[in-house]
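Remarks on the structure that follows.
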Amino acid sequence: MSASGSFDTILAEERRSALRGAGLLAAIIAVCVIALGVTGFFDLQRFIESGPAISQLADEMIPPDFGRWQSWLRPLFDTLAMSIAGTALAVVFSLPLALLAALNTSPHPVVCFAVRTLLAFLRSVPEIILGVLFVAAVGFGALPGVLALALHSVGMVGKFYAEAIEHVDPKPLEAARAAGATPLQVIAHAVLPQVLPQLTDVTIYRWEYHFRASAVLGIVGAGGIGFELIAALRLLNYDQVSAILLSILACVVAVDSIGASLRKSLK
């Protein structure tokens, strides 16, 4: 084949690839537009009719009322404790499950499939549903929130851990096995050193997410600042609602900043 023919072939392939990419993008945009239409996003009349209600709600929320700020300190501390405890439990259970779910470390394909199915089931159940179930099982307080966060996050964190483990360089694993290392030694010396930065990033991100989720779980009786938020909503104290939301925002910003600092220090 001549050089010009080869060049034309490459150009034709690039055009086909660009057309496929454009077609895929168009399909994604079409699906998004259809979803927005189904959910009523393009119903302009509905937005117009909701204007007075939104204006009244804004008037009642501004200015925020921080008169009870001292009574929110303990719930905020409970929310922070829930996020840390939930993350710790999630990591403890996610790592061994991830090793069983990763193709390159799982002892058998059947075990890999079973654990992957378990992880998919755990992450398919929202924290709010798990929170309701655990409140019914163990009562009100922070404990059901911690259990709900941990159980849901095992499914998500375990999936991310397993994907990170599957993408490690296989050469150190092969060398360790050739040297007669046991499976645990292979994991400790050939797998974990490679994936530790990714696992750390996932863990810190999940902790940041858990703080926000903990505030929501309080709404169903799982303790924390969410309990104060739902109480203010039920009493129609919207000025206190806005104050609580601003307090949650300040804590979220602080947690995100701490997470960013941890990432920098651990690199």
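Going through the structure tokens in order, the chains are called A, B, and so on, while each chain numbers its residues from 1 and the ligands are numbered from 1 in the order shown.
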If you count only C-alpha atoms, which residues fall within 12 Å of segment 55-66 of chain A, apart from same-chain ones fewer than 2 positions away, as a list in words?
Ile48, Glu49, Ser50, Gly51, Pro52, Ala53, Arg68, Trp69, Gln70, Ser71, Trp72, Leu73, Ala232, Leu233, Leu236, Asn237, Tyr238, Asp239, Gln240, Val241, Ser242, Ala243, Ile244, Leu245, Leu246 and Ser247 of chain A
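Between atom CA of Ile84 of chain A and atom CA of Gly139 of chain A lies a distance of 20.3 Å.
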Which is closer to Thr203 of chain A than all the others in A:Ala35, A:Ala30, A:Val91, A:Ala18, using only C-alpha atoms?
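Answer, going by the shortest atom-to-atom distance: A:Val91.
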Please extract the residues of segment 16-123 of chain A with a backbone DSSP assignment of alpha helix (DSSP H) and present them as a VMD selection string.
chain A and resid 16 to 38 44 to 61 69 to 101 109 to 123
So what do you get for atom CA of Leu149 of chain A versus atom CA of Gly86 of chain A, distance-wise?
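A separation of 5.3 Å between them.
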Using only C-alpha atoms, which residues sit within 9 Å of segment 205-213 of chain A once same-chain residues fewer than 5 positions away are excluded, as a PyMOL selection string?
chain A and resi 79-84+86-88+127-128+149+153+157+200+218+248+251-252+255-256+259
For a quick check of understanding, using only C-alpha atoms, which of A:Ala162, A:Val138, A:Leu151, A:Leu118 has the smallest distance to Leu103 of chain A?
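Of the candidates, the smallest distance to Leu103 of chain A is held by A:Ala162.
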Please report the interatomic distance between atom CA of Ala101 of chain A and atom CA of His167 of chain A in Å with one decimal.
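Those two atoms sit 12.9 Å apart.
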Do a neighbour search on Leu184 of chain A at 12 Å with only C-alpha atoms, toss out local chain neighbours closer than 3 positions, and write the hits as a PyMOL selection string.
chain A and resi 96+99+105-107+173+176-177+180-181+187-192
How about saving the chosen residues, all heavy atoms kept, as an mmCIF file, in the first residue's frame?
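Contents of out-v4.cif, as written:
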data_model
loop_
_atom_site.group_PDB
_atom_site.id
_atom_site.type_symbol
_atom_site.label_atom_id
_atom_site.label_comp_id
_atom_site.auth_asym_id
_atom_site.auth_seq_id
_atom_site.Cartn_x
_atom_site.Cartn_y
_atom_site.Cartn_z
ATOM 1 N N PRO A 96 -11.112 -6.513 52.841
ATOM 2 C CA PRO A 96 -11.115 -7.957 52.565
ATOM 3 C C PRO A 96 -12.117 -8.355 51.481
ATOM 4 O O PRO A 96 -11.827 -9.240 50.666
ATOM 5 C CB PRO A 96 -11.472 -8.583 53.912
ATOM 6 C CG PRO A 96 -12.060 -7.497 54.727
ATOM 7 C CD PRO A 96 -11.439 -6.230 54.247
ATOM 8 N N LEU A 99 -10.598 -7.572 48.089
ATOM 9 C CA LEU A 99 -9.601 -8.564 47.690
ATOM 10 C C LEU A 99 -10.267 -9.828 47.145
ATOM 11 O O LEU A 99 -9.734 -10.475 46.230
ATOM 12 C CB LEU A 99 -8.710 -8.908 48.883
ATOM 13 C CG LEU A 99 -7.785 -7.780 49.366
ATOM 14 C CD1 LEU A 99 -7.165 -8.139 50.700
ATOM 15 C CD2 LEU A 99 -6.708 -7.491 48.320
ATOM 16 N N THR A 105 -6.902 -11.199 42.659
ATOM 17 C CA THR A 105 -6.611 -11.641 44.030
ATOM 18 C C THR A 105 -7.677 -12.581 44.581
ATOM 19 O O THR A 105 -7.489 -13.142 45.662
ATOM 20 C CB THR A 105 -6.495 -10.424 44.984
ATOM 21 O OG1 THR A 105 -7.685 -9.637 44.903
ATOM 22 C CG2 THR A 105 -5.291 -9.562 44.619
ATOM 23 N N SER A 106 -8.770 -12.745 43.882
ATOM 24 C CA SER A 106 -9.828 -13.631 44.364
ATOM 25 C C SER A 106 -9.393 -15.092 44.234
ATOM 26 O O SER A 106 -8.758 -15.470 43.253
ATOM 27 C CB SER A 106 -11.112 -13.407 43.561
ATOM 28 O OG SER A 106 -12.155 -14.217 44.052
ATOM 29 N N PRO A 107 -9.727 -15.923 45.211
ATOM 30 C CA PRO A 107 -9.300 -17.329 45.148
ATOM 31 C C PRO A 107 -10.015 -18.141 44.070
ATOM 32 O O PRO A 107 -9.491 -19.166 43.630
ATOM 33 C CB PRO A 107 -9.635 -17.869 46.549
ATOM 34 C CG PRO A 107 -10.723 -16.970 47.045
ATOM 35 C CD PRO A 107 -10.436 -15.620 46.469
ATOM 36 N N LEU A 173 3.270 -9.025 41.314
ATOM 37 C CA LEU A 173 2.518 -10.179 41.806
ATOM 38 C C LEU A 173 3.126 -11.479 41.293
ATOM 39 O O LEU A 173 3.300 -12.450 42.053
ATOM 40 C CB LEU A 173 1.044 -10.092 41.375
ATOM 41 C CG LEU A 173 0.119 -9.181 42.180
ATOM 42 C CD1 LEU A 173 0.428 -7.707 41.925
ATOM 43 C CD2 LEU A 173 -1.334 -9.471 41.848
ATOM 44 N N ALA A 176 6.433 -12.154 43.095
ATOM 45 C CA ALA A 176 6.239 -12.621 44.463
ATOM 46 C C ALA A 176 5.771 -14.072 44.483
ATOM 47 O O ALA A 176 6.246 -14.880 45.306
ATOM 48 C CB ALA A 176 5.227 -11.729 45.178
ATOM 49 N N ARG A 177 4.880 -14.440 43.583
ATOM 50 C CA ARG A 177 4.408 -15.820 43.533
ATOM 51 C C ARG A 177 5.513 -16.762 43.078
ATOM 52 O O ARG A 177 5.625 -17.888 43.583
ATOM 53 C CB ARG A 177 3.199 -15.920 42.596
ATOM 54 C CG ARG A 177 1.928 -15.298 43.179
ATOM 55 C CD ARG A 177 0.854 -15.091 42.133
ATOM 56 N NE ARG A 177 -0.352 -14.489 42.699
ATOM 57 C CZ ARG A 177 -1.266 -13.841 41.996
ATOM 58 N NH1 ARG A 177 -1.099 -13.683 40.675
ATOM 59 N NH2 ARG A 177 -2.334 -13.336 42.592
ATOM 60 N N GLY A 180 7.722 -17.878 45.766
ATOM 61 C CA GLY A 180 7.132 -18.755 46.766
ATOM 62 C C GLY A 180 6.352 -18.047 47.847
ATOM 63 O O GLY A 180 6.077 -18.636 48.906
ATOM 64 N N ALA A 181 5.969 -16.802 47.609
ATOM 65 C CA ALA A 181 5.207 -16.055 48.618
ATOM 66 C C ALA A 181 3.800 -16.631 48.752
ATOM 67 O O ALA A 181 3.197 -17.094 47.779
ATOM 68 C CB ALA A 181 5.135 -14.586 48.234
ATOM 69 N N ILE A 187 -0.348 -10.151 48.723
ATOM 70 C CA ILE A 187 -1.211 -8.995 48.941
ATOM 71 C C ILE A 187 -0.476 -7.906 49.715
ATOM 72 O O ILE A 187 -0.531 -6.718 49.369
ATOM 73 C CB ILE A 187 -2.491 -9.420 49.681
ATOM 74 C CG1 ILE A 187 -3.361 -10.306 48.774
ATOM 75 C CG2 ILE A 187 -3.274 -8.207 50.162
ATOM 76 C CD1 ILE A 187 -4.505 -10.979 49.489
ATOM 77 N N ALA A 188 0.242 -8.310 50.768
ATOM 78 C CA ALA A 188 0.899 -7.337 51.643
ATOM 79 C C ALA A 188 2.069 -6.637 50.962
ATOM 80 O O ALA A 188 2.303 -5.443 51.189
ATOM 81 C CB ALA A 188 1.370 -8.027 52.926
ATOM 82 N N HIS A 189 2.815 -7.367 50.125
ATOM 83 C CA HIS A 189 4.059 -6.819 49.577
ATOM 84 C C HIS A 189 3.986 -6.446 48.099
ATOM 85 O O HIS A 189 4.854 -5.696 47.628
ATOM 86 C CB HIS A 189 5.202 -7.822 49.786
ATOM 87 C CG HIS A 189 5.465 -8.139 51.224
ATOM 88 N ND1 HIS A 189 6.045 -7.233 52.093
ATOM 89 C CD2 HIS A 189 5.207 -9.256 51.955
ATOM 90 C CE1 HIS A 189 6.150 -7.782 53.303
ATOM 91 N NE2 HIS A 189 5.648 -9.014 53.251
ATOM 92 N N ALA A 190 2.996 -6.946 47.377
ATOM 93 C CA ALA A 190 2.927 -6.663 45.945
ATOM 94 C C ALA A 190 1.666 -5.897 45.543
ATOM 95 O O ALA A 190 1.684 -5.161 44.555
ATOM 96 C CB ALA A 190 3.000 -7.970 45.142
ATOM 97 N N VAL A 191 0.582 -6.072 46.291
ATOM 98 C CA VAL A 191 -0.677 -5.434 45.912
ATOM 99 C C VAL A 191 -0.883 -4.120 46.669
ATOM 100 O O VAL A 191 -1.036 -3.052 46.064
ATOM 101 C CB VAL A 191 -1.879 -6.383 46.153
ATOM 102 C CG1 VAL A 191 -3.184 -5.657 45.854
ATOM 103 C CG2 VAL A 191 -1.749 -7.627 45.292
ATOM 104 N N LEU A 192 -0.897 -4.203 47.991
ATOM 105 C CA LEU A 192 -1.226 -3.021 48.800
ATOM 106 C C LEU A 192 -0.281 -1.837 48.573
ATOM 107 O O LEU A 192 -0.748 -0.693 48.517
ATOM 108 C CB LEU A 192 -1.272 -3.401 50.274
ATOM 109 C CG LEU A 192 -2.434 -4.313 50.679
ATOM 110 C CD1 LEU A 192 -2.410 -4.575 52.180
ATOM 111 C CD2 LEU A 192 -3.768 -3.700 50.274
#
